[in-house]
Amino acid sequence: MKNAIEREIPENIVWYDTVINYATPFEKEPTGRKIAPLLKQVKPSENKLVNSIEELIQKAGLKTGMTISFHHHFRDGDYILNSIVEKIAQMGIKDITIVPSSLSNIHESLVEHIKNGVITGIHTSGIRGRLAEAISNGLMEKPIVIRSHGGRARAIEAGEIKIDVAFLGVPSCDEYGNASGKGANTICGSLGYAKVDAAYADQVVLITDDLVAYPNYPASISQTDVDYVIKVDAVGDPSGIASGATRFTKNPKELLIAQYASKLIVNSPYFKEGFSFQTGSGGASLAVTRFIKAEMKSKNIKARFALGGITKPMVQMHEEGLIEHLFDVQSFDLVACESIMKNPNHHEIDASLYANPHNKGCVANQLDIVILSALEIDVDFNVNVITGSDGVIRGASGGHSDTAAASKLSIIVAPLIRGRIPTVVDGVNTVITPGETVDVVVTDRGIAINPKRTDLLEIFKNTDLPIFTIEELKEKAQKIVGKAKPIAYLEKIVGIVEYRDGSIIDVIKQVK
Amino acid sequence: MEIIKTGMAGTMESSDIHVIIEKNEEAGIKIFLNSTVEKQFGEQIEGVILKTLKEMDIINVVVRAMDRGALDCTIRARVQSAVMRSILKENELDWGLL
């Protein structure tokens, strides 16, 4: 059956009792209650500390067929997921579904554990490298499920993802389970994704390499959520967790895109005292922050808050008084990690508060402007950030669809072509963000405004910005690179793309 | 036009194509293409290489091309350069041929 954006969705999908097709961004109403964690007594004399990973897995009651979760705050420096899965494999436990908040290149050893039957299910936001390639080529029997950050928090709170054991690596914690994003060896800043798992998993275990005296306060994860604690030699590689230098791009294409985007923002009705914004960590996105900053200074405009993955340029603006509050679900670099520890208005928020559509109102709903990237955009403004132009999985859903839907102005920034690959195309390979939630596309060769935003079209009618229709942008790209041959897929579905509300917006098929 | 020696042009940089032109001991044109965009543009790239060779009147040749997403104009220029080198006319470009 086809959903509202003409994507063929199967009637039965292994992970779902009932498949609900995507209709419109806010059509699906939630019912029922949030799930609750287990009640458990820890007596005054009892101790949560365990001595080995094996003992940890046994005490947590992990068995064949269960679901376990991880967070991705350690990014490419993460040691936790690989070492836990390795131990699970050694203990002979099989048929495990993993529900990490996202996966990085460092997790490619999972390929072996999928082949040997230890891992049989993956739910994630992002997936890259050899693992993603293998999955695109049909490695797994069950399709992977791709969720946005807000969608994952929603699914956990709604009980659609039931986590049996959450294995959460933390930079520091005490013996009773109060954890912080700063430790003696590593620092990751916000633990925003991990907080959701800690609140709802049946068993919560903390893994740290910096065990400190009680009480480890202020704590991101509280002792009342934690079952066991273990100290290991190292939770991650600090250089892979957060890099020190966020360098400004010198790429002229990215600078031009950023210039166009900031001009657009400054001339939009949303750029006024007390506005709010979110940017990604890509080159063009960061450059937009720099250009907006100059405009804010010259026009004496301050922002009420910035949201999302927080980066050094945002911290600098906060410290200079240009942004009042920073809402941080994930600290992208060392400057952001340090800032959240010292600046009282740099707030740690969990993924639900960030972008969950079914929690009585997330911060993203208060967002004025969001700047997002894209691998592909089609003439219906649908955006793909998960599969490459060759149809192979290589990206992340992240907060893309969440913030595009929730914000007042969503701007996609991308070069019109990358090498020979066109960015604006007839139809994207995979839809992560539906076109009706995308307002403007900014490329180095021109800007396209979604025709449904007649207000914006009117405002930018007589500007010096290079405004085209999305079809014109597509033609421009095609003229330079030629017409790409459509990707040949096999019938097997290797991935399900769940929209933030739990409906199915697209599927990913095996590449030929 | 006869190929005299092996001619090369281009780099392995992104958006470029590295082309090696060799004499084909058998008759005909043989193209070995490896491209980062093979699935989407493989046929188009081979078409440009073939057309460029024909324009230069090259009939018996082996082409080894490593493409990193080059545009048609780049592919054409790299093939032309490699051919000129392989017929020892690198320093006496016959613009009439191009």
# chains A, B, ... in the order shown; residues from 1 in each chain; ligands from 1
$ residues_around --residues "Val37 in chain B" --least-positions-apart "4" --cutoff "9 Å" --atoms "only C-alpha atoms" --output "ChimeraX atom specification"
/A:389-390,420-421 /B:41-42,67-69
$ write_last_selection --atoms "N, CA and C atoms" --output "compact mmCIF listing (two decimals), in the first residue's frame"
# COMPACT_ATOMS: atom_id res chain seq x y z
N SER A 389 23.58 8.28 -3.00
CA SER A 389 22.99 8.29 -4.34
C SER A 389 23.07 6.91 -4.97
N ASP A 390 23.90 6.03 -4.40
CA ASP A 390 23.97 4.65 -4.91
C ASP A 390 23.00 3.73 -4.18
N ARG A 420 29.99 14.38 -9.14
CA ARG A 420 29.06 14.23 -10.24
C ARG A 420 27.64 13.94 -9.73
N ILE A 421 27.48 13.92 -8.42
CA ILE A 421 26.20 13.52 -7.86
C ILE A 421 25.30 14.75 -7.67
N PHE B 41 26.22 6.61 -13.40
CA PHE B 41 26.73 7.28 -14.59
C PHE B 41 27.69 6.41 -15.42
N GLY B 42 27.83 5.13 -15.08
CA GLY B 42 28.80 4.27 -15.76
C GLY B 42 28.66 4.30 -17.27
N ASP B 67 37.62 6.63 -12.21
CA ASP B 67 36.85 7.88 -12.14
C ASP B 67 36.45 8.20 -10.71
N ARG B 68 36.59 9.46 -10.36
CA ARG B 68 36.18 9.91 -9.02
C ARG B 68 35.09 10.96 -9.13
N GLY B 69 34.15 10.72 -10.04
CA GLY B 69 33.02 11.64 -10.16
C GLY B 69 33.30 12.83 -11.06
$ interface_residues --of "chain B" --to "chain A" --cutoff "10 Å" --atoms "only C-alpha atoms" --output "MDAnalysis selection string"
chainID B and resid 14:16 36:44 68:73
$ write_last_selection --atoms "N, CA and C atoms" --output "mmCIF file, in the first residue's frame"
data_model
loop_
_atom_site.group_PDB
_atom_site.id
_atom_site.type_symbol
_atom_site.label_atom_id
_atom_site.label_comp_id
_atom_site.auth_asym_id
_atom_site.auth_seq_id
_atom_site.Cartn_x
_atom_site.Cartn_y
_atom_site.Cartn_z
ATOM 1 N N SER B 14 39.118 13.785 -6.054
ATOM 2 C CA SER B 14 37.678 13.846 -6.220
ATOM 3 C C SER B 14 37.336 14.769 -7.391
ATOM 4 N N SER B 15 36.346 14.380 -8.174
ATOM 5 C CA SER B 15 35.893 15.130 -9.353
ATOM 6 C C SER B 15 36.866 15.059 -10.533
ATOM 7 N N ASP B 16 37.865 14.168 -10.444
ATOM 8 C CA ASP B 16 38.784 13.987 -11.578
ATOM 9 C C ASP B 16 38.669 12.535 -12.060
ATOM 10 N N THR B 36 33.369 5.848 -8.915
ATOM 11 C CA THR B 36 32.602 5.994 -7.674
ATOM 12 C C THR B 36 31.117 6.209 -7.983
ATOM 13 N N VAL B 37 30.824 6.579 -9.218
ATOM 14 C CA VAL B 37 29.420 6.821 -9.577
ATOM 15 C C VAL B 37 28.984 5.860 -10.695
ATOM 16 N N GLU B 38 29.602 4.665 -10.692
ATOM 17 C CA GLU B 38 29.364 3.709 -11.764
ATOM 18 C C GLU B 38 27.888 3.349 -11.925
ATOM 19 N N LYS B 39 27.229 3.128 -10.773
ATOM 20 C CA LYS B 39 25.822 2.718 -10.829
ATOM 21 C C LYS B 39 24.961 3.759 -11.539
ATOM 22 N N GLN B 40 25.243 5.036 -11.278
ATOM 23 C CA GLN B 40 24.388 6.087 -11.827
ATOM 24 C C GLN B 40 24.858 6.586 -13.189
ATOM 25 N N PHE B 41 26.215 6.608 -13.400
ATOM 26 C CA PHE B 41 26.729 7.277 -14.593
ATOM 27 C C PHE B 41 27.691 6.415 -15.419
ATOM 28 N N GLY B 42 27.833 5.132 -15.076
ATOM 29 C CA GLY B 42 28.796 4.266 -15.757
ATOM 30 C C GLY B 42 28.658 4.302 -17.271
ATOM 31 N N GLU B 43 27.450 4.113 -17.757
ATOM 32 C CA GLU B 43 27.235 4.067 -19.210
ATOM 33 C C GLU B 43 27.569 5.403 -19.854
ATOM 34 N N GLN B 44 27.163 6.481 -19.169
ATOM 35 C CA GLN B 44 27.417 7.812 -19.708
ATOM 36 C C GLN B 44 28.923 8.088 -19.807
ATOM 37 N N ARG B 68 36.586 9.460 -10.363
ATOM 38 C CA ARG B 68 36.183 9.906 -9.019
ATOM 39 C C ARG B 68 35.085 10.961 -9.128
ATOM 40 N N GLY B 69 34.152 10.721 -10.036
ATOM 41 C CA GLY B 69 33.023 11.642 -10.162
ATOM 42 C C GLY B 69 33.296 12.833 -11.062
ATOM 43 N N ALA B 70 34.129 12.652 -12.088
ATOM 44 C CA ALA B 70 34.442 13.753 -13.003
ATOM 45 C C ALA B 70 33.243 14.085 -13.888
ATOM 46 N N LEU B 71 33.157 15.353 -14.271
ATOM 47 C CA LEU B 71 32.120 15.767 -15.214
ATOM 48 C C LEU B 71 32.571 15.398 -16.634
ATOM 49 N N ASP B 72 31.625 15.410 -17.570
ATOM 50 C CA ASP B 72 31.921 15.008 -18.945
ATOM 51 C C ASP B 72 33.087 15.789 -19.549
ATOM 52 N N CYS B 73 33.114 17.110 -19.318
ATOM 53 C CA CYS B 73 34.187 17.949 -19.893
ATOM 54 C C CYS B 73 35.552 17.499 -19.386
#
$ atom_distance --atom1 "CA of Leu334 in chain A" --atom2 "CA of Lys253 in chain A"
27.0 Å
$ closest_residue --among "A:Pro238, A:Gly189, A:Gly159, A:Pro37" --to "Gly77 in chain A" --atoms "only C-alpha atoms"
A:Pro238
$ atom_distance --atom1 "CA of Lys231 in chain A" --atom2 "CA of Ala60 in chain A"
15.7 Å
$ residues_around --residues "Gly10 in chain B" --least-positions-apart "4" --cutoff "6 Å" --atoms "only C-alpha atoms" --output "NGL selection string"
:B and (17-18 or 78)
$ select_by_dssp --residues "range 2-207 of chain A" --states "alpha helix (DSSP H)" --output "PyMOL selection string"
chain A and resi 53-59+80-90+110-115+129-136+149-157+192-200
$ atom_distance --atom1 "CA of Asn137 in chain A" --atom2 "CA of Leu490 in chain A"
9.4 Å
$ select_by_dssp --residues "range 36-268 of chain A" --states "strand (DSSP E)" --output "ChimeraX atom specification"
/A:49-50,67-69,96-98,119-124,126-127,144-146,165-170,172-174,179-180,203-208,211-212,228-231
$ write_last_selection --atoms "C-alpha atoms" --output "PDB file, in the first residue's frame"
ATOM      1  CA  LEU A  49      29.109  -2.388  42.224  1.00  0.00           C
ATOM      2  CA  VAL A  50      29.992  -5.494  40.224  1.00  0.00           C
ATOM      3  CA  THR A  67      16.704  -6.049  23.666  1.00  0.00           C
ATOM      4  CA  ILE A  68      19.607  -3.919  24.852  1.00  0.00           C
ATOM      5  CA  SER A  69      20.392  -0.241  24.383  1.00  0.00           C
ATOM      6  CA  ILE A  96      19.795  -9.874  20.646  1.00  0.00           C
ATOM      7  CA  THR A  97      18.187  -6.690  19.331  1.00  0.00           C
ATOM      8  CA  ILE A  98      20.307  -3.594  19.859  1.00  0.00           C
ATOM      9  CA  ILE A 119      22.730  -9.646  16.884  1.00  0.00           C
ATOM     10  CA  THR A 120      19.499 -10.150  14.949  1.00  0.00           C
ATOM     11  CA  GLY A 121      17.884  -6.724  15.206  1.00  0.00           C
ATOM     12  CA  ILE A 122      19.071  -3.116  14.989  1.00  0.00           C
ATOM     13  CA  HIS A 123      17.081   0.022  15.742  1.00  0.00           C
ATOM     14  CA  THR A 124      19.118   3.190  15.361  1.00  0.00           C
ATOM     15  CA  GLY A 126      22.309   6.457  12.071  1.00  0.00           C
ATOM     16  CA  ILE A 127      24.532   3.767  10.636  1.00  0.00           C
ATOM     17  CA  ILE A 144      16.805  -2.340  10.595  1.00  0.00           C
ATOM     18  CA  VAL A 145      14.540   0.399  11.933  1.00  0.00           C
ATOM     19  CA  ILE A 146      15.633   4.025  11.492  1.00  0.00           C
ATOM     20  CA  VAL A 165      19.023  -3.801  29.651  1.00  0.00           C
ATOM     21  CA  ALA A 166      20.532  -0.369  28.997  1.00  0.00           C
ATOM     22  CA  PHE A 167      24.342  -0.457  28.946  1.00  0.00           C
ATOM     23  CA  LEU A 168      25.338   3.146  29.462  1.00  0.00           C
ATOM     24  CA  GLY A 169      28.960   4.252  29.359  1.00  0.00           C
ATOM     25  CA  VAL A 170      29.524   7.354  31.485  1.00  0.00           C
ATOM     26  CA  SER A 172      32.188   9.408  35.750  1.00  0.00           C
ATOM     27  CA  CYS A 173      29.850   8.008  38.382  1.00  0.00           C
ATOM     28  CA  ASP A 174      29.736   6.997  42.018  1.00  0.00           C
ATOM     29  CA  ALA A 179      26.597   9.761  36.569  1.00  0.00           C
ATOM     30  CA  SER A 180      28.108  12.811  34.923  1.00  0.00           C
ATOM     31  CA  GLN A 203      17.716  -2.836  33.970  1.00  0.00           C
ATOM     32  CA  VAL A 204      20.132   0.093  33.869  1.00  0.00           C
ATOM     33  CA  VAL A 205      23.830  -0.544  34.194  1.00  0.00           C
ATOM     34  CA  LEU A 206      26.507   2.127  34.180  1.00  0.00           C
ATOM     35  CA  ILE A 207      29.990   1.522  32.878  1.00  0.00           C
ATOM     36  CA  THR A 208      32.677   4.024  33.819  1.00  0.00           C
ATOM     37  CA  LEU A 211      34.537   5.812  39.791  1.00  0.00           C
ATOM     38  CA  VAL A 212      34.282   8.687  42.252  1.00  0.00           C
ATOM     39  CA  TYR A 228      24.457  -1.829  38.689  1.00  0.00           C
ATOM     40  CA  VAL A 229      27.757  -0.018  38.278  1.00  0.00           C
ATOM     41  CA  ILE A 230      31.057  -1.322  36.953  1.00  0.00           C
ATOM     42  CA  LYS A 231      34.500   0.217  36.620  1.00  0.00           C
TER      43      LYS A 231
END
$ residues_around --residues "His149 in chain A" --least-positions-apart "5" --cutoff "12 Å" --atoms "only C-alpha atoms" --output "ChimeraX atom specification"
/A:71-72,99-102,123-126,154-156,192-194,196,308-309,329-330,350-357,362,364,396-403,498-501
$ write_last_selection --atoms "N, CA and C atoms" --output "short mmCIF file (atom, residue, chain, number, x, y, z; two decimals), in the first residue's frame"
data_model
loop_
_atom_site.label_atom_id
_atom_site.label_comp_id
_atom_site.auth_asym_id
_atom_site.auth_seq_id
_atom_site.Cartn_x
_atom_site.Cartn_y
_atom_site.Cartn_z
N HIS A 71 24.01 4.43 24.19
CA HIS A 71 23.91 5.80 23.67
C HIS A 71 25.11 6.08 22.77
N HIS A 72 25.04 7.18 22.01
CA HIS A 72 26.16 7.48 21.09
C HIS A 72 26.89 8.77 21.45
N VAL A 99 19.42 -1.43 20.41
CA VAL A 99 18.69 -0.18 20.19
C VAL A 99 19.56 1.00 20.59
N PRO A 100 20.70 1.19 19.93
CA PRO A 100 21.55 2.34 20.28
C PRO A 100 20.89 3.63 19.78
N SER A 101 21.20 4.76 20.43
CA SER A 101 20.64 6.02 19.92
C SER A 101 21.23 6.33 18.55
N SER A 102 22.45 5.87 18.29
CA SER A 102 23.00 5.91 16.93
C SER A 102 24.25 5.03 16.88
N HIS A 123 17.87 -1.21 15.85
CA HIS A 123 17.08 0.02 15.74
C HIS A 123 18.04 1.16 16.05
N THR A 124 18.14 2.12 15.17
CA THR A 124 19.12 3.19 15.36
C THR A 124 18.68 4.45 14.63
N SER A 125 19.38 5.54 14.90
CA SER A 125 19.16 6.76 14.13
C SER A 125 20.06 6.77 12.91
N GLY A 126 21.34 6.42 13.15
CA GLY A 126 22.31 6.46 12.07
C GLY A 126 23.11 5.18 11.99
N ARG A 154 10.14 8.98 21.83
CA ARG A 154 8.70 8.71 21.82
C ARG A 154 8.43 7.21 21.90
N ALA A 155 9.13 6.45 21.06
CA ALA A 155 8.90 5.01 21.00
C ALA A 155 9.24 4.33 22.33
N ILE A 156 10.27 4.83 23.00
CA ILE A 156 10.63 4.26 24.30
C ILE A 156 9.55 4.61 25.34
N GLY A 192 22.18 13.53 27.10
CA GLY A 192 20.77 13.67 26.73
C GLY A 192 20.09 12.42 26.18
N TYR A 193 20.80 11.63 25.37
CA TYR A 193 20.18 10.42 24.81
C TYR A 193 20.13 9.32 25.87
N ALA A 194 21.20 9.23 26.67
CA ALA A 194 21.28 8.18 27.69
C ALA A 194 20.21 8.35 28.77
N VAL A 196 17.11 9.09 28.58
CA VAL A 196 15.84 8.43 28.26
C VAL A 196 15.93 6.93 28.56
N GLY A 308 19.85 21.88 20.29
CA GLY A 308 20.34 20.75 19.52
C GLY A 308 21.69 20.24 19.94
N GLY A 309 22.43 19.76 18.99
CA GLY A 309 23.83 19.48 19.18
C GLY A 309 24.49 20.84 19.32
N VAL A 329 21.27 18.56 23.87
CA VAL A 329 21.01 17.13 23.97
C VAL A 329 22.29 16.35 23.68
N GLN A 330 23.23 17.02 23.01
CA GLN A 330 24.48 16.36 22.62
C GLN A 330 25.54 17.43 22.42
N ASP A 350 17.09 16.00 27.81
CA ASP A 350 17.07 14.65 27.27
C ASP A 350 16.38 14.66 25.90
N ALA A 351 16.48 13.53 25.19
CA ALA A 351 16.00 13.47 23.81
C ALA A 351 14.49 13.68 23.72
N SER A 352 13.77 13.35 24.80
CA SER A 352 12.33 13.55 24.79
C SER A 352 11.99 15.04 24.86
N LEU A 353 12.62 15.73 25.82
CA LEU A 353 12.40 17.17 25.93
C LEU A 353 12.86 17.87 24.64
N TYR A 354 13.88 17.35 24.02
CA TYR A 354 14.41 17.90 22.77
C TYR A 354 13.36 17.86 21.66
N ALA A 355 12.83 16.66 21.38
CA ALA A 355 12.10 16.56 20.11
C ALA A 355 10.98 15.53 20.07
N ASN A 356 10.63 14.90 21.20
CA ASN A 356 9.55 13.91 21.20
C ASN A 356 8.21 14.59 20.87
N PRO A 357 7.52 14.12 19.82
CA PRO A 357 6.27 14.78 19.42
C PRO A 357 5.09 14.48 20.35
N CYS A 362 7.64 19.51 23.14
CA CYS A 362 9.11 19.47 23.22
C CYS A 362 9.68 20.86 22.92
N ALA A 364 11.73 21.68 20.65
CA ALA A 364 11.75 21.93 19.20
C ALA A 364 10.49 22.69 18.76
N ALA A 396 22.39 9.38 8.91
CA ALA A 396 21.64 9.36 10.14
C ALA A 396 20.40 10.23 10.03
N SER A 397 19.33 9.75 10.62
CA SER A 397 18.09 10.50 10.67
C SER A 397 18.24 11.69 11.63
N GLY A 398 18.85 11.44 12.79
CA GLY A 398 19.12 12.50 13.76
C GLY A 398 17.87 13.27 14.15
N GLY A 399 18.03 14.57 14.30
CA GLY A 399 16.86 15.39 14.64
C GLY A 399 16.26 16.04 13.41
N HIS A 400 16.61 15.53 12.23
CA HIS A 400 16.24 16.19 10.98
C HIS A 400 14.73 16.37 10.83
N SER A 401 14.00 15.25 10.86
CA SER A 401 12.55 15.34 10.64
C SER A 401 11.86 15.99 11.83
N ASP A 402 12.43 15.84 13.02
CA ASP A 402 11.84 16.44 14.23
C ASP A 402 11.82 17.96 14.14
N THR A 403 12.99 18.52 13.87
CA THR A 403 13.10 19.98 13.89
C THR A 403 12.49 20.61 12.64
N GLU A 498 10.96 4.97 10.17
CA GLU A 498 9.81 5.35 10.96
C GLU A 498 9.80 6.88 11.11
N TYR A 499 8.65 7.49 10.84
CA TYR A 499 8.53 8.93 11.08
C TYR A 499 8.48 9.17 12.58
N ARG A 500 8.68 10.41 13.00
CA ARG A 500 8.79 10.71 14.44
C ARG A 500 7.55 10.32 15.22
N ASP A 501 6.40 10.24 14.57
CA ASP A 501 5.16 9.89 15.27
C ASP A 501 4.91 8.38 15.31
#
